[in-house]
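Engineer: Got a structure for you, written out below as structure tokens; questions coming shortly.
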Amino acid sequence: MQNSLEKVLLYYKYVAIQYPKQVQKWQATLCAELQLKGRIIIAHEGINGTLAGTHEALEAYQQAMEAHELFGNIDFKESEGASENFPRMRIVVKDEIVRLGIASDVLSFEDGGQHLTPAQAHELMAKKPEDLVIFDGRNNYESRIGAFEGAITPNLDTFREFPEYIDKNLEQFKDKTVLMYCTGGVRCERLSAYLKTKQVAKEVVQINGGIHRYAEQFPDGFFKGKNYVFDARIAMKVSEDILGTCDICNVPCDEYTNCINTRCNKQIISCDACLRTYNITCGKTCYDLVTTGAVKVRTKYVKQIGAQQHAS
């Protein structure tokens with residue numbers, strides 16, 4: 001059961017950071033003092049974070065960020081969750097706050113598509129103009145369990161594959177109004193800029209705040225299924241629609257888990273029946289390895305059904 005006294009905070013801001021290492025040290029001290037867990041990525045182009053802790057601690061964190069000369073006016077998004085969903089506090093400095101594989105001085109977020117409020121995006125999707133293309137800027141394992149109605153959902157494993165995908169599929173954007181979306185908006189900032197450099201779309205727009213903000217305002221709107229998140233919660237339900245199927249038996253299912261074979265740890269969608277049959281593994285091969293004791297078994301963040309099955 002989640003701790004109701006805690007919550008999860010997610011945010012990003014594209015802003016020029018001259019000394020990312022100094023910001024990293026400050027963040028490490030601040031998060032330690034507030035006993036926060038989560039992850040923060042810092043680069044010369046900005047900051048991108050997901051934090052969990054008490055309401056009071058996260059409020060203090062937001063106040064500290066607002067008071068900093070670089071980090072005022074951030075759109076902090078709140079979500080259900082707790083520090084138990086994160087193994088530790090991890091703060092890293094990287095080349096990009098989301099890895100697109102293109103240097104920020106070559107492709108800037110400032111050249112991205114126009115931001116639409118969730119209400120504006122909802123109205124656009126409701127009108128369904130003939131030239132509208134809804135484009136999912138997330139990975140395939142995210143769109144498998146949740147997406148906007150009628151969206152193009154590229155079958156890509158990583159974000160850095162998107163530029164090549166766009167280059168090879170320019171025709172589907174030609175003379176179109178492209179509505180781009182992702183989880184919270186950070187990926188669309190530069191991905192929409194990349195699409196605009198191709199000069200094929202009539203217009204490129206993005207949902208301000210991504211799926212998160214849209215689902216807050218329109219829980220019964222055009223987004224169906226679950227919103228994937230990158231921590232132990234795995235996904236947050238938006239609607240009752242089930243978009244995915246079990247990787248083993250193909251019945252409708254949208255519950256992700258990880259194979260308990262530590263050498264595999266593959267993330268799969270698996271129904272309860274297959275979880276029991278294959279003892280929280282991804283199939284017969286790993287089931288045999290786990291059953292014979294040939295591999296170590298992962299125990300942390302295993303679904304409750306796994307704990308019951310493993311104890312029997």
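Going by the structure tokens order, chains are called A, B, ..., each with residues numbered from 1, while ligands are numbered from 1 in the order shown.
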Do you have, as CSV, the list of residues of range 95-145 of chain A lying at most 10 Å from range 206-214 of chain A, each with its nearest atom pair and that distance in Å to one decimal, counting only C-alpha atoms and ordered by chain then number?

Structural biologist:
```
residue,atom,partner,partner_atom,distance
A:Gly112,CA,A:Gln206,CA,8.5
A:Gly113,CA,A:Gln206,CA,6.0
A:Gln114,CA,A:Gln206,CA,6.1
A:His115,CA,A:Gln206,CA,5.1
A:Leu116,CA,A:Ile207,CA,5.1
A:Thr117,CA,A:Asn208,CA,5.4
A:Pro118,CA,A:Tyr214,CA,4.9
A:Ala119,CA,A:Tyr214,CA,7.8
A:Gln120,CA,A:Ile207,CA,8.5
A:Ala121,CA,A:Ile207,CA,6.4
A:His122,CA,A:Tyr214,CA,8.1
A:Ile134,CA,A:Gln206,CA,9.6
A:Phe135,CA,A:Gln206,CA,9.4
```

Engineer: Print the selection's residues with C-alpha atoms to a file, as a PDB file, in the first residue's frame.

Structural biologist:
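This is the output file selection.pdb:
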```pdb
ATOM      1  CA  GLY A 112      10.207  23.131 -31.086  1.00  0.00           C
ATOM      2  CA  GLY A 113       6.534  22.996 -31.938  1.00  0.00           C
ATOM      3  CA  GLN A 114       3.928  25.342 -30.508  1.00  0.00           C
ATOM      4  CA  HIS A 115       2.658  24.355 -27.062  1.00  0.00           C
ATOM      5  CA  LEU A 116      -1.050  23.596 -26.832  1.00  0.00           C
ATOM      6  CA  THR A 117      -2.829  23.484 -23.499  1.00  0.00           C
ATOM      7  CA  PRO A 118      -4.535  20.166 -22.751  1.00  0.00           C
ATOM      8  CA  ALA A 119      -7.862  21.870 -23.507  1.00  0.00           C
ATOM      9  CA  GLN A 120      -6.616  23.101 -26.884  1.00  0.00           C
ATOM     10  CA  ALA A 121      -5.237  19.663 -27.734  1.00  0.00           C
ATOM     11  CA  HIS A 122      -8.508  18.035 -26.673  1.00  0.00           C
ATOM     12  CA  ILE A 134      -1.257  12.430 -33.717  1.00  0.00           C
ATOM     13  CA  PHE A 135       2.307  11.281 -33.082  1.00  0.00           C
TER      14      PHE A 135
END
```

Engineer: Using DSSP secondary structure from the backbone, list all strand (DSSP E) positions within range 61-169 of chain A, as a PyMOL selection string.

Structural biologist: chain A and resi 77-79+89-93+114-116+132-136+146-148

Engineer: Tell me which protein, DNA and RNA residues are within 12 Å of range 23-35 of chain A, counting only C-alpha atoms, leaving out same-chain ones fewer than 6 positions away, and put them as a PDB file with C-alpha atoms, in the first residue's frame.

Structural biologist:
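The result, stored in selection.pdb:
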```
ATOM      1  CA  GLU A   6       4.183  10.857   0.375  1.00  0.00           C
ATOM      2  CA  ALA A  16      21.489  26.987 -20.022  1.00  0.00           C
ATOM      3  CA  ILE A  17      23.539  25.556 -17.154  1.00  0.00           C
ATOM      4  CA  ILE A  41      19.556  14.324 -14.880  1.00  0.00           C
ATOM      5  CA  ILE A  42      21.526  17.527 -15.370  1.00  0.00           C
ATOM      6  CA  ALA A  43      23.147  18.763 -18.580  1.00  0.00           C
ATOM      7  CA  HIS A  44      24.289  22.043 -20.072  1.00  0.00           C
ATOM      8  CA  GLY A  46      18.784  21.851 -18.503  1.00  0.00           C
ATOM      9  CA  ILE A  47      17.458  19.582 -15.755  1.00  0.00           C
ATOM     10  CA  ASN A  48      15.001  16.668 -15.673  1.00  0.00           C
ATOM     11  CA  GLY A  49      13.857  15.085 -12.421  1.00  0.00           C
ATOM     12  CA  THR A  50      11.496  12.646 -10.718  1.00  0.00           C
ATOM     13  CA  LEU A  51      11.473  12.758  -6.923  1.00  0.00           C
ATOM     14  CA  ALA A  52       9.575  11.019  -4.149  1.00  0.00           C
ATOM     15  CA  GLY A  53       9.178  11.986  -0.516  1.00  0.00           C
ATOM     16  CA  THR A  54       6.867  13.571   2.008  1.00  0.00           C
ATOM     17  CA  HIS A  55       4.576  16.405   0.989  1.00  0.00           C
ATOM     18  CA  GLU A  56       6.522  18.766   3.246  1.00  0.00           C
ATOM     19  CA  ALA A  57       9.911  17.747   1.838  1.00  0.00           C
ATOM     20  CA  LEU A  58       8.783  18.128  -1.750  1.00  0.00           C
ATOM     21  CA  GLU A  59       7.255  21.520  -0.987  1.00  0.00           C
ATOM     22  CA  ALA A  60      10.603  22.595   0.480  1.00  0.00           C
ATOM     23  CA  TYR A  61      12.346  21.275  -2.643  1.00  0.00           C
ATOM     24  CA  GLN A  62      10.082  23.307  -4.910  1.00  0.00           C
ATOM     25  CA  GLN A  63      10.714  26.434  -2.853  1.00  0.00           C
ATOM     26  CA  ALA A  64      14.483  25.906  -3.112  1.00  0.00           C
ATOM     27  CA  MET A  65      14.234  25.490  -6.879  1.00  0.00           C
ATOM     28  CA  HIS A  68      17.465  29.521  -7.545  1.00  0.00           C
ATOM     29  CA  GLU A  69      18.420  31.908 -10.329  1.00  0.00           C
ATOM     30  CA  LEU A  70      18.123  29.200 -12.987  1.00  0.00           C
ATOM     31  CA  PHE A  71      15.138  27.150 -11.917  1.00  0.00           C
ATOM     32  CA  SER A  83       9.810   6.838  -1.882  1.00  0.00           C
ATOM     33  CA  ARG A  88      17.837   5.460  -4.024  1.00  0.00           C
ATOM     34  CA  MET A  89      18.552   9.080  -4.949  1.00  0.00           C
ATOM     35  CA  ARG A  90      20.519   9.207  -8.201  1.00  0.00           C
ATOM     36  CA  ILE A  91      21.823  12.491  -9.619  1.00  0.00           C
ATOM     37  CA  VAL A  92      23.880  12.378 -12.804  1.00  0.00           C
ATOM     38  CA  VAL A  93      25.399  14.774 -15.321  1.00  0.00           C
ATOM     39  CA  LYS A  94      24.902  13.838 -18.979  1.00  0.00           C
TER      40      LYS A  94
END
```

Engineer: As an exercise, work out the distance from CA of Glu66 in chain A to CA of Asn227 in chain A in Å and give it to one decimal place.

Structural biologist: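 These two atoms are separated by 27.7 Å.
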
Engineer: Give the alpha helix (DSSP H) residues of range 63-268 of chain A, as DSSP finds them on the backbone, and put them as a ChimeraX atom specification.

Structural biologist: /A:63-67,118-127,140-143,162-168,186-197,210-217

Engineer: Which one of A:Asp105, A:Glu80, A:Glu142, A:Asp136 sits closest to Pro154 in chain A if you count only C-alpha atoms?

Structural biologist: A:Asp136

Engineer: Counting only C-alpha atoms, what are the residues of range 177-204 of chain A within 12 Å of range 157-165 of chain A, and for each of them which pair of atoms is the nearest and at what distance in Å, to one decimal? Sort the table by chain and rising number, as CSV.

Structural biologist:
```
residue,atom,partner,partner_atom,distance
A:Cys182,CA,A:Phe159,CA,10.8
A:Val186,CA,A:Phe159,CA,11.6
A:Arg187,CA,A:Phe159,CA,8.2
A:Cys188,CA,A:Phe159,CA,10.5
A:Arg190,CA,A:Pro163,CA,10.5
A:Leu191,CA,A:Pro163,CA,7.8
A:Ser192,CA,A:Pro163,CA,10.3
A:Ala193,CA,A:Pro163,CA,10.6
A:Tyr194,CA,A:Pro163,CA,7.2
A:Leu195,CA,A:Pro163,CA,8.1
A:Lys196,CA,A:Pro163,CA,11.5
A:Thr197,CA,A:Pro163,CA,10.8
A:Lys198,CA,A:Pro163,CA,10.4
```

Engineer: What's the 12 Å shell around Tyr141 in chain A, counting only C-alpha atoms, without same-chain residues fewer than 6 positions away, as a compact mmCIF listing (two decimals) with N, CA and C atoms, in the first residue's frame?

Structural biologist:
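Final output, out-v7.txt:
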```txt
# COMPACT_ATOMS: atom_id res chain seq x y z
N ALA A 147 -2.20 4.97 -25.17
CA ALA A 147 -1.94 5.88 -26.29
C ALA A 147 -3.19 6.69 -26.58
N THR A 153 2.16 5.18 -33.42
CA THR A 153 3.00 4.73 -32.31
C THR A 153 4.18 3.94 -32.88
N PRO A 154 5.28 4.59 -33.19
CA PRO A 154 6.43 3.91 -33.79
C PRO A 154 6.94 2.75 -32.93
N ASN A 155 7.29 1.67 -33.58
CA ASN A 155 7.79 0.48 -32.87
C ASN A 155 9.29 0.64 -32.64
N LEU A 156 9.64 1.51 -31.70
CA LEU A 156 11.04 1.82 -31.42
C LEU A 156 11.36 1.52 -29.96
N ASP A 157 12.56 1.03 -29.73
CA ASP A 157 12.98 0.66 -28.37
C ASP A 157 13.52 1.83 -27.58
N THR A 158 14.11 2.81 -28.26
CA THR A 158 14.76 3.93 -27.57
C THR A 158 14.40 5.26 -28.23
N PHE A 159 14.51 6.32 -27.47
CA PHE A 159 14.19 7.66 -27.96
C PHE A 159 15.16 8.09 -29.06
N LYS A 226 -3.02 3.08 -19.96
CA LYS A 226 -2.16 3.49 -18.85
C LYS A 226 -1.02 4.38 -19.33
N ASN A 227 -0.57 5.24 -18.45
CA ASN A 227 0.58 6.10 -18.71
C ASN A 227 1.80 5.45 -18.07
N TYR A 228 2.75 5.03 -18.87
CA TYR A 228 3.95 4.35 -18.38
C TYR A 228 4.84 5.33 -17.64
N VAL A 229 5.39 4.89 -16.49
CA VAL A 229 6.33 5.71 -15.73
C VAL A 229 7.58 4.88 -15.45
N PHE A 230 8.72 5.57 -15.28
CA PHE A 230 10.00 4.87 -15.21
C PHE A 230 10.46 4.64 -13.78
N ILE A 234 5.58 1.45 -12.44
CA ILE A 234 5.51 0.99 -13.83
C ILE A 234 4.50 1.79 -14.67
N ALA A 235 3.25 1.86 -14.23
CA ALA A 235 2.25 2.57 -15.03
C ALA A 235 1.15 3.09 -14.14
N LEU A 243 -5.08 -2.00 -23.69
CA LEU A 243 -4.54 -1.97 -25.05
C LEU A 243 -3.58 -3.11 -25.33
N GLY A 244 -2.92 -3.63 -24.30
CA GLY A 244 -1.87 -4.62 -24.49
C GLY A 244 -2.39 -6.05 -24.48
N THR A 245 -1.47 -6.99 -24.75
CA THR A 245 -1.78 -8.42 -24.69
C THR A 245 -0.63 -9.14 -24.00
N ASP A 247 2.36 -11.40 -23.32
CA ASP A 247 3.43 -11.82 -24.23
C ASP A 247 3.50 -13.33 -24.39
N ASP A 254 -2.48 -5.64 -19.55
CA ASP A 254 -1.58 -4.48 -19.61
C ASP A 254 -0.72 -4.37 -18.35
N GLU A 255 -0.50 -5.53 -17.69
CA GLU A 255 0.30 -5.55 -16.47
C GLU A 255 1.74 -5.95 -16.80
N TYR A 256 2.66 -5.00 -16.59
CA TYR A 256 4.08 -5.29 -16.81
C TYR A 256 4.69 -5.92 -15.56
N THR A 257 5.64 -6.79 -15.79
CA THR A 257 6.48 -7.32 -14.72
C THR A 257 7.84 -7.64 -15.32
N LYS A 266 13.96 -9.41 -18.19
CA LYS A 266 13.20 -8.82 -19.30
C LYS A 266 11.85 -8.32 -18.80
N GLN A 267 11.46 -7.13 -19.23
CA GLN A 267 10.16 -6.60 -18.88
C GLN A 267 9.13 -7.15 -19.86
N ILE A 268 8.10 -7.76 -19.30
CA ILE A 268 7.08 -8.38 -20.14
C ILE A 268 5.69 -8.02 -19.64
N ILE A 269 4.72 -8.14 -20.55
CA ILE A 269 3.32 -8.08 -20.15
C ILE A 269 2.87 -9.52 -19.94
```

Engineer: List the spatial neighbours of range 258-263 of chain A as an MDAnalysis selection string - criterion: any atom at most 7 Å away, only C-alpha atoms, same-chain residues fewer than 5 positions off excluded.

Structural biologist: chainID A and resid 268 280:282 286 290 295:298

Engineer: In terms of the shortest atom-to-atom distance over only C-alpha atoms, which of A:Met180, A:Ala82, A:Ala126, A:Val98 is closest to Ala151 in chain A?

Structural biologist: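 Among the listed residues, the smallest separation from Ala151 in chain A belongs to A:Met180.
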
Engineer: Provide the CA of Ala103 in chain A to CA of Ile166 in chain A distance in Å, to one decimal place.

Structural biologist: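 Interatomic distance, CA of Ala103 in chain A to CA of Ile166 in chain A: 17.5 Å.
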